[in-house]
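J.: For reference, the file structure_31.txt (compact mmCIF, C-alpha atoms) is included below:
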# COMPACT_ATOMS: atom_id res chain seq x y z
CA MET A 964 -12.68 13.53 -44.66
CA LYS A 965 -11.58 11.00 -47.24
CA ILE A 966 -8.50 8.87 -47.56
CA GLY A 967 -6.63 8.64 -50.83
CA PRO A 968 -5.66 5.52 -52.74
CA ALA A 969 -2.32 5.24 -50.96
CA ALA A 970 -4.05 4.59 -47.66
CA THR A 971 -6.99 2.44 -48.70
CA GLY A 972 -7.67 -1.16 -49.50
CA ALA A 973 -7.40 -4.39 -47.64
CA ALA A 974 -3.88 -4.83 -48.95
CA LEU A 975 -2.68 -2.20 -46.52
CA LEU A 976 -3.69 -4.47 -43.69
CA THR A 977 -1.54 -7.35 -44.91
CA LEU A 978 2.08 -6.70 -44.08
CA ALA A 979 4.91 -8.20 -46.05
CA VAL A 980 6.42 -9.15 -42.74
CA THR A 981 5.34 -12.47 -41.29
CA LEU A 982 2.47 -12.45 -38.85
CA SER A 983 2.60 -15.37 -36.44
CA ALA A 984 -0.48 -17.47 -35.90
CA CYS A 985 -0.52 -16.84 -32.18
CA GLY A 986 1.21 -14.79 -29.52
CA SER A 987 3.25 -17.51 -27.86
CA PRO A 988 7.06 -17.26 -27.91
CA GLU A 989 7.17 -20.55 -29.80
CA ALA A 990 5.21 -18.96 -32.66
CA THR A 991 7.80 -16.28 -33.34
CA GLY A 992 10.11 -17.08 -36.22
CA THR A 993 13.69 -15.99 -36.81
CA GLY A 994 13.98 -12.23 -36.49
CA ALA A 995 10.55 -11.87 -34.91
CA ALA A 996 10.03 -10.13 -31.61
CA GLN A 997 7.67 -10.97 -28.76
CA PRO A 998 6.34 -7.60 -27.53
CA ALA A 999 5.72 -6.92 -23.88
CA GLY A 1000 2.20 -7.90 -22.92
CA ALA A 1001 1.35 -9.53 -26.23
CA ALA A 1002 1.10 -13.06 -24.88
CA GLY A 1003 -1.72 -12.15 -22.52
CA ALA A 1004 -3.72 -9.86 -24.80
CA LYS A 1005 -6.65 -11.66 -26.44
CA GLY A 1006 -8.61 -8.70 -27.79
CA GLY A 1007 -10.67 -5.99 -26.17
CA LYS A 1008 -10.93 -2.26 -25.80
CA VAL A 1009 -8.23 0.09 -27.05
CA GLY A 1010 -7.54 3.31 -25.18
CA ILE A 1011 -5.90 6.27 -26.88
CA ASP A 1012 -4.49 9.53 -25.61
CA PHE A 1013 -4.16 12.42 -28.05
CA PRO A 1014 -1.02 14.45 -27.27
CA ARG A 1015 -2.30 17.95 -28.00
CA ALA A 1016 -4.94 20.06 -29.74
CA ASP A 1017 -2.88 23.16 -30.53
CA SER A 1018 -1.26 21.81 -33.70
CA ASP A 1019 -2.84 21.48 -37.13
CA PHE A 1020 -0.94 18.23 -37.67
CA TRP A 1021 -2.19 16.63 -34.47
CA ASN A 1022 -5.72 17.90 -35.01
CA SER A 1023 -5.69 16.12 -38.37
CA PHE A 1024 -4.38 12.94 -36.76
CA ASN A 1025 -7.05 13.16 -34.05
CA LYS A 1026 -9.78 13.36 -36.70
CA TYR A 1027 -8.41 10.39 -38.66
CA VAL A 1028 -8.30 8.04 -35.67
CA PRO A 1029 -12.04 7.23 -35.27
CA GLN A 1030 -12.39 6.59 -38.99
CA MET A 1031 -9.36 4.31 -39.07
CA ALA A 1032 -10.52 2.49 -35.95
CA THR A 1033 -13.79 1.69 -37.72
CA GLU A 1034 -12.04 0.57 -40.90
CA VAL A 1035 -9.55 -1.64 -39.06
CA GLY A 1036 -12.14 -2.99 -36.63
CA VAL A 1037 -10.91 -1.62 -33.31
CA ASP A 1038 -13.09 -1.28 -30.22
CA LEU A 1039 -11.92 2.26 -29.45
CA MET A 1040 -12.62 3.86 -26.08
CA PRO A 1041 -13.42 7.60 -25.86
CA PRO A 1042 -10.07 9.36 -26.35
CA THR A 1043 -8.30 11.48 -23.77
CA ASN A 1044 -6.06 14.49 -24.50
CA SER A 1045 -2.95 15.15 -22.41
CA GLN A 1046 -2.42 18.68 -23.84
CA ASN A 1047 1.36 18.35 -24.09
CA ASP A 1048 1.57 17.66 -20.33
CA VAL A 1049 3.26 14.43 -19.26
CA ALA A 1050 1.51 14.52 -15.86
CA LYS A 1051 -1.86 14.54 -17.66
CA LEU A 1052 -0.68 11.71 -19.91
CA VAL A 1053 0.20 9.62 -16.86
CA ALA A 1054 -3.20 10.35 -15.28
CA ASN A 1055 -5.05 9.66 -18.52
CA THR A 1056 -3.20 6.38 -18.97
CA GLN A 1057 -4.11 5.31 -15.45
CA ALA A 1058 -7.76 6.17 -16.13
CA LEU A 1059 -7.82 4.24 -19.41
CA SER A 1060 -6.27 1.14 -17.87
CA GLY A 1061 -8.66 1.41 -14.93
CA GLN A 1062 -11.59 1.52 -17.36
CA GLY A 1063 -10.52 -1.75 -18.96
CA ALA A 1064 -8.20 -0.83 -21.83
CA LYS A 1065 -6.37 -3.93 -23.09
CA VAL A 1066 -4.04 -1.86 -25.30
CA ILE A 1067 -3.08 1.81 -25.03
CA VAL A 1068 -2.03 4.10 -27.88
CA MET A 1069 -0.17 7.28 -26.98
CA ALA A 1070 2.19 9.91 -28.40
CA PRO A 1071 4.35 11.04 -25.45
CA GLN A 1072 5.84 14.46 -26.15
CA ASP A 1073 8.40 14.06 -23.36
CA THR A 1074 9.92 10.74 -24.38
CA GLY A 1075 12.10 10.42 -21.29
CA ALA A 1076 9.49 11.04 -18.61
CA ILE A 1077 7.10 8.30 -19.74
CA ALA A 1078 9.38 5.36 -18.85
CA SER A 1079 7.87 4.60 -15.43
CA THR A 1080 4.34 4.62 -16.88
CA LEU A 1081 5.38 2.15 -19.56
CA GLN A 1082 6.90 -0.04 -16.88
CA THR A 1083 3.63 0.04 -14.95
CA LEU A 1084 1.63 -0.91 -18.04
CA GLU A 1085 4.05 -3.74 -18.78
CA GLY A 1086 3.44 -5.02 -15.27
CA LYS A 1087 -0.30 -4.99 -15.98
CA ASN A 1088 0.26 -6.87 -19.25
CA ILE A 1089 -1.10 -3.93 -21.30
CA PRO A 1090 0.77 -3.49 -24.61
CA VAL A 1091 1.54 0.06 -25.74
CA VAL A 1092 1.63 1.47 -29.28
CA THR A 1093 3.26 4.90 -29.57
CA VAL A 1094 2.74 7.25 -32.49
CA ASP A 1095 5.26 9.72 -33.92
CA THR A 1096 7.48 9.60 -30.84
CA ARG A 1097 9.71 6.80 -29.57
CA PRO A 1098 10.07 6.48 -25.78
CA ASP A 1099 13.67 6.55 -24.59
CA LYS A 1100 13.02 3.68 -22.18
CA GLY A 1101 10.15 1.34 -21.35
CA LYS A 1102 8.69 -1.53 -23.37
CA VAL A 1103 6.60 -0.74 -26.43
CA TYR A 1104 4.74 -3.16 -28.69
CA MET A 1105 5.23 -0.97 -31.77
CA VAL A 1106 6.28 2.58 -32.55
CA VAL A 1107 4.45 4.00 -35.57
CA ARG A 1108 6.74 6.70 -36.85
CA ALA A 1109 8.63 8.03 -39.84
CA ASP A 1110 12.42 8.31 -39.92
CA ASN A 1111 12.90 11.66 -38.19
CA LYS A 1112 16.62 11.70 -38.88
CA ALA A 1113 15.73 11.62 -42.56
CA TYR A 1114 13.63 14.76 -41.98
CA GLY A 1115 16.67 16.66 -40.76
CA THR A 1116 18.86 15.34 -43.55
CA LYS A 1117 16.33 16.22 -46.25
CA ALA A 1118 15.98 19.75 -44.85
CA CYS A 1119 19.75 20.17 -44.73
CA GLU A 1120 20.25 19.00 -48.29
CA PHE A 1121 17.42 21.20 -49.57
CA LEU A 1122 18.72 24.38 -47.91
CA GLY A 1123 22.36 23.57 -48.62
CA GLU A 1124 21.68 23.21 -52.33
CA LYS A 1125 19.45 26.30 -52.50
CA LEU A 1126 22.10 28.41 -50.75
CA GLY A 1127 24.91 27.04 -52.89
CA GLY A 1128 26.69 25.72 -49.82
CA LYS A 1129 27.27 29.14 -48.23
CA GLY A 1130 25.40 31.48 -45.91
CA LYS A 1131 23.39 31.44 -42.70
CA VAL A 1132 20.30 29.49 -41.68
CA VAL A 1133 18.05 29.27 -38.61
CA GLN A 1134 16.88 25.94 -37.26
CA LEU A 1135 13.63 26.35 -35.31
CA MET A 1136 13.88 23.21 -33.23
CA GLY A 1137 11.19 21.40 -31.32
CA ALA A 1138 11.71 20.25 -27.75
CA LEU A 1139 14.97 18.39 -27.23
CA SER A 1140 13.21 16.37 -24.51
CA SER A 1141 11.48 14.68 -27.46
CA ILE A 1142 13.23 12.05 -29.56
CA ASN A 1143 11.76 13.76 -32.63
CA GLY A 1144 13.31 17.11 -31.76
CA ARG A 1145 16.65 15.44 -31.07
CA ASP A 1146 16.62 13.29 -34.20
CA ARG A 1147 15.76 16.20 -36.50
CA ALA A 1148 18.21 18.60 -34.89
CA GLU A 1149 21.11 16.15 -34.73
CA ALA A 1150 20.64 14.94 -38.30
CA PHE A 1151 20.34 18.49 -39.64
CA GLY A 1152 23.47 19.60 -37.78
CA ALA A 1153 25.50 16.55 -38.76
CA CYS A 1154 24.53 16.91 -42.42
CA MET A 1155 25.41 20.61 -42.46
CA LYS A 1156 28.78 19.96 -40.84
CA GLU A 1157 29.63 17.20 -43.28
CA LYS A 1158 28.18 18.47 -46.57
CA PHE A 1159 27.93 22.26 -46.17
CA PRO A 1160 30.60 23.37 -43.69
CA GLN A 1161 30.46 26.97 -44.96
CA ILE A 1162 26.85 27.36 -43.82
CA THR A 1163 26.38 28.81 -40.32
CA VAL A 1164 23.47 27.29 -38.39
CA PHE A 1165 21.69 29.15 -35.59
CA ASP A 1166 19.89 26.62 -33.40
CA GLU A 1167 16.75 27.86 -31.64
CA PRO A 1168 14.99 25.45 -29.21
CA THR A 1169 11.34 26.51 -29.42
CA GLU A 1170 9.86 23.68 -27.30
CA TRP A 1171 7.29 23.26 -30.12
CA GLU A 1172 5.87 26.73 -29.28
CA GLY A 1173 4.96 29.17 -32.03
CA THR A 1174 5.42 32.31 -29.94
CA LYS A 1175 8.96 31.28 -29.04
CA ALA A 1176 9.68 30.52 -32.70
CA ALA A 1177 8.52 33.99 -33.78
CA SER A 1178 10.56 35.75 -31.12
CA MET A 1179 13.71 33.74 -31.80
CA LEU A 1180 13.49 34.13 -35.58
CA GLN A 1181 12.88 37.87 -35.32
CA THR A 1182 15.87 38.32 -33.03
CA ARG A 1183 18.16 36.33 -35.30
CA LEU A 1184 17.05 38.27 -38.39
CA GLU A 1185 17.74 41.55 -36.59
CA GLN A 1186 21.19 40.33 -35.59
CA HIS A 1187 21.92 38.71 -38.96
CA PRO A 1188 19.86 40.28 -41.76
CA ASP A 1189 21.78 38.14 -44.26
CA ILE A 1190 20.11 34.90 -43.07
CA LYS A 1191 18.88 33.04 -46.16
CA GLY A 1192 17.34 29.83 -44.81
CA VAL A 1193 14.95 28.57 -42.15
CA TYR A 1194 14.26 24.97 -41.11
CA MET A 1195 11.08 24.57 -39.06
CA HIS A 1196 10.79 21.32 -37.13
CA ALA A 1197 6.99 21.50 -37.10
CA GLY A 1198 4.81 23.39 -39.53
CA GLY A 1199 1.82 22.77 -37.32
CA VAL A 1200 3.15 25.22 -34.72
CA HIS A 1201 5.93 27.10 -36.56
CA LEU A 1202 4.37 27.95 -39.92
CA ALA A 1203 2.10 30.90 -39.09
CA PRO A 1204 4.58 32.75 -36.81
CA THR A 1205 7.44 32.23 -39.27
CA ILE A 1206 5.45 33.64 -42.19
CA GLN A 1207 4.32 36.53 -40.01
CA VAL A 1208 7.91 37.47 -39.15
CA LEU A 1209 9.09 37.16 -42.76
CA LYS A 1210 6.18 39.27 -44.01
CA ALA A 1211 6.85 41.97 -41.44
CA LYS A 1212 10.40 42.19 -42.75
CA ASN A 1213 9.29 42.15 -46.41
CA LEU A 1214 11.15 38.90 -47.03
CA ILE A 1215 8.31 37.03 -48.78
CA VAL A 1216 9.66 37.46 -52.30
CA PRO A 1217 10.20 35.10 -55.28
CA PRO A 1218 13.14 32.66 -55.07
CA GLU A 1219 15.06 34.54 -57.75
CA ASP A 1220 14.99 37.72 -55.64
CA PRO A 1221 18.26 38.14 -53.64
CA LYS A 1222 16.18 38.90 -50.52
CA HIS A 1223 14.42 35.51 -50.64
CA VAL A 1224 14.71 33.36 -47.51
CA PHE A 1225 14.34 29.66 -48.31
CA VAL A 1226 12.06 27.91 -45.84
CA ILE A 1227 11.53 24.19 -45.36
CA SER A 1228 9.27 22.59 -42.79
CA ASN A 1229 8.03 19.26 -41.39
CA ASP A 1230 4.44 18.02 -41.18
CA GLY A 1231 2.67 18.17 -44.57
CA ILE A 1232 -0.46 19.94 -43.34
CA PRO A 1233 -2.77 21.66 -45.88
CA GLN A 1234 -1.64 25.08 -44.64
CA GLU A 1235 1.95 24.28 -45.58
CA PHE A 1236 0.88 23.17 -49.04
CA GLU A 1237 -1.02 26.42 -49.53
CA ALA A 1238 2.03 28.37 -48.34
CA ILE A 1239 4.16 26.53 -50.89
CA ARG A 1240 1.68 27.40 -53.66
CA LYS A 1241 1.73 31.06 -52.59
CA GLY A 1242 5.51 31.16 -52.45
CA GLU A 1243 5.57 31.86 -48.71
CA ILE A 1244 7.67 28.76 -48.00
CA ASP A 1245 9.56 26.48 -50.35
CA ALA A 1246 9.16 22.91 -49.11
CA THR A 1247 8.03 20.56 -46.37
CA VAL A 1248 8.52 16.93 -45.44
CA SER A 1249 5.10 15.30 -45.25
CA GLN A 1250 4.46 13.31 -42.07
CA PRO A 1251 1.68 10.85 -42.95
CA ALA A 1252 -1.02 11.75 -40.41
CA ASP A 1253 -3.46 9.39 -42.12
CA LEU A 1254 -1.05 6.44 -42.04
CA TYR A 1255 -0.04 7.25 -38.46
CA ALA A 1256 -3.70 6.86 -37.49
CA ARG A 1257 -4.29 3.78 -39.64
CA TYR A 1258 -1.27 1.83 -38.41
CA ALA A 1259 -1.71 2.95 -34.81
CA MET A 1260 -5.09 1.24 -34.98
CA PHE A 1261 -3.77 -1.71 -36.96
CA TYR A 1262 -1.01 -2.46 -34.45
CA ALA A 1263 -3.32 -1.83 -31.50
CA LYS A 1264 -5.62 -4.53 -32.85
CA ALA A 1265 -2.67 -6.83 -33.50
CA ALA A 1266 -1.42 -6.27 -29.95
CA ALA A 1267 -4.84 -7.09 -28.52
CA GLU A 1268 -4.81 -10.33 -30.52
CA GLY A 1269 -1.29 -11.22 -29.35
CA LYS A 1270 0.30 -11.12 -32.79
CA THR A 1271 3.99 -10.61 -33.49
CA PHE A 1272 5.98 -9.25 -36.43
CA GLN A 1273 9.18 -9.93 -38.32
CA LEU A 1274 11.79 -7.28 -38.99
CA GLY A 1275 12.17 -5.93 -42.52
CA PRO A 1276 10.22 -4.25 -45.34
CA THR A 1277 6.42 -4.17 -45.43
CA ASP A 1278 3.93 -3.93 -48.27
CA HIS A 1279 3.08 -0.32 -47.35
CA ASP A 1280 6.52 1.08 -48.30
CA SER A 1281 7.89 1.04 -44.77
CA THR A 1282 10.43 -0.93 -42.75
CA ILE A 1283 10.09 -2.52 -39.32
CA ILE A 1284 13.28 -2.09 -37.31
CA GLN A 1285 14.44 -3.37 -33.93
CA LEU A 1286 14.67 -0.93 -31.03
CA PRO A 1287 16.25 -1.59 -27.64
CA ASN A 1288 12.75 -1.51 -26.15
CA GLY A 1289 10.51 -2.84 -28.93
CA LEU A 1290 9.85 -2.46 -32.65
CA GLU A 1291 9.34 0.54 -34.91
CA ASP A 1292 7.49 0.69 -38.22
CA GLN A 1293 9.16 3.52 -40.13
CA LEU A 1294 6.59 4.93 -42.55
CA PRO A 1295 7.54 6.95 -45.67
CA ALA A 1296 7.64 10.76 -45.52
CA PRO A 1297 8.17 12.44 -48.92
CA LEU A 1298 9.68 15.84 -49.64
CA VAL A 1299 7.04 18.24 -51.01
CA THR A 1300 7.95 21.25 -53.17
CA LYS A 1301 6.13 23.37 -55.75
CA GLU A 1302 6.75 20.57 -58.26
CA ASN A 1303 4.65 17.95 -56.44
CA VAL A 1304 2.53 19.96 -53.99
CA ASP A 1305 -0.68 19.13 -55.88
CA ASP A 1306 -0.15 15.36 -55.74
CA LYS A 1307 -3.51 13.93 -54.70
CA ALA A 1308 -1.83 11.02 -52.90
CA LEU A 1309 -0.47 13.39 -50.23
CA TRP A 1310 -2.69 13.29 -47.13
CA GLY A 1311 -2.56 17.08 -46.87
CA ASN A 1312 -4.45 17.29 -50.18
CA GLN A 1313 -7.17 14.92 -48.95
CA VAL A 1314 -8.32 16.85 -45.89
CA LYS A 1315 -11.66 18.58 -46.29
The structure in this file should be written as structure tokens.
T.:
Amino acid sequence: MKIGPAATGAALLTLAVTLSACGSPEATGTGAAQPAGAAGAKGGKVGIDFPRADSDFWNSFNKYVPQMATEVGVDLMPPTNSQNDVAKLVANTQALSGQGAKVIVMAPQDTGAIASTLQTLEGKNIPVVTVDTRPDKGKVYMVVRADNKAYGTKACEFLGEKLGGKGKVVQLMGALSSINGRDRAEAFGACMKEKFPQITVFDEPTEWEGTKAASMLQTRLEQHPDIKGVYMHAGGVHLAPTIQVLKAKNLIVPPEDPKHVFVISNDGIPQEFEAIRKGEIDATVSQPADLYARYAMFYAKAAAEGKTFQLGPTDHDSTIIQLPNGLEDQLPAPLVTKENVDDKALWGNQVK
């Protein structure tokens, strides 16, 4: 697997934000934040829990992590996998800390239920970096994530324009117990209400499960055969079942055909790009799996060294923002359509 120019080079490891010389509170400048556990972390092993292995997006992320750990210089422990089960995540986290992890990287799928575990880790002076998801409560050193509200807004604007501001669309939502599912759903709904009030939105909470997505989409199409748009929260789990349903109903036709159903997704996996090229879907918002892995490792190393960061723009086209419980580095996530689907800088075109 190789990484494209956008994710390589030593320059990526030098943020435009100020990095303090040490982890003491006195070293933090104006606007800087002292993360929980940073003052006591002086380097050491990094533990990581992979959230699941049933998604093409997460499988790509999982494969990137060891490579990025080597490039960044992280002493990475053997990873665990919580398989979309918060109880397993809690157990895995306890095992990693018991085995000497000085920093833990995780991607909690239930962002509310992880609070007590984060509190326990804070008590042990173990900083936490979360990837893709932002815990509702509990201290975090850094959240490595893209702006998920922007995902929903981009999907809304794409479908609204394609449908000419009128019609019916289905939103195949992820789990609303996840901040990502909530952010995408709320932003999509708010945008539709404000900009395209004549579009009817059918919300379907799939819990990030492909079988539920297929069943819900099929039912809606039977009830409303005039549906002309679909927004999938996660191509990694929603893509194949959605295409299967549309094919069964003979709705995979060119955009100029009146029967065409416009489909936009989130993730940016190679399978979505191929579906765009084939005309099976129309667009996706590319979540940077490669950069998620790179900056998860970068911030894990920084946490182990007790470093702190200023708020504001970085040199890797992102912005660090303040959260109630830590910091978040919001990485870029571009819209991909037939016009730019072959762009070699997109991580989905770099996976072998």
J.: Of the candidates A:Gln1046, A:Ala1246, A:Pro1287, A:Val1068, which one gets nearest to Glu1302 (chain A) if we count all atoms listed in the file?
T.: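 Between A:Gln1046, A:Ala1246, A:Pro1287, A:Val1068, the residue approaching Glu1302 (chain A) most closely is A:Ala1246.
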J.: Within 12 Å of Glu1219 (chain A), counting only C-alpha atoms, which residues qualify if same-chain residues fewer than 6 places away don't, as a PyMOL selection string?
T.: chain A and resi 1125-1126+1225+1242
J.: Write out as number ranges by chain which residues come within 12 Å of region 1188-1192 of chain A when counting all atoms listed in the file, dropping same-chain ones fewer than 3 positions away.
T.: A: 1118-1135, 1162-1165, 1180-1185, 1195, 1205, 1209, 1212-1216, 1218, 1220-1228, 1244-1246
J.: Set the distance at 7 Å and use all atoms listed in the file: which residues neighbour Pro1071 (chain A) once local chain neighbours fewer than 5 positions away are removed? I'd like the list as a list in words.
T.: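 Here the qualifying residues turn out to be Pro1014, Ile1077 and Thr1096 of chain A.
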J.: Could you take the residues named above and write them with C-alpha atoms, as a compact mmCIF listing (two decimals), in the frame of the given file?
T.:
# COMPACT_ATOMS: atom_id res chain seq x y z
CA PRO A 1014 -1.02 14.45 -27.27
CA ILE A 1077 7.10 8.30 -19.74
CA THR A 1096 7.48 9.60 -30.84
J.: Under the rule that only C-alpha atoms are counted, which of A:Ile1206, A:Ala1109, A:Ala1263, A:Ala1016 is the nearest residue to Met1069 (chain A)?
T.: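 Closest to Met1069 (chain A) of all the choices is A:Ala1263.
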J.: Which is closest to Ala1197 (chain A) among A:Ala1256, A:Val1314, A:Ala1138, A:Ala1070, if we use all atoms listed in the file?
T.: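 Distance minimum relative to Ala1197 (chain A) lands on A:Ala1138.
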J.: Quick one: pull the distance between CA of Glu1268 (chain A) and CA of Ala1076 (chain A), Å, one decimal.
T.: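 So the two atoms, CA of Glu1268 (chain A) and CA of Ala1076 (chain A), lie 28.3 Å apart.
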J.: In Å, how far is it from CA of His1279 (chain A) to CA of Ala1266 (chain A)?
T.: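 Going from CA of His1279 (chain A) over to CA of Ala1266 (chain A), I get 18.9 Å.
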J.: How far is it from CA of Tyr1104 (chain A) to CA of Leu1274 (chain A), in Å with one decimal?
T.: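 Interatomic distance here is 13.1 Å.
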J.: Neighbourhood query: residues within 12 Å of (-7.0, 18.5, -48.4), file coordinates, counting only C-alpha atoms; return as a VMD selection string.
T.: chain A and resid 964 to 967 1023 1231 to 1237 1253 1304 to 1315
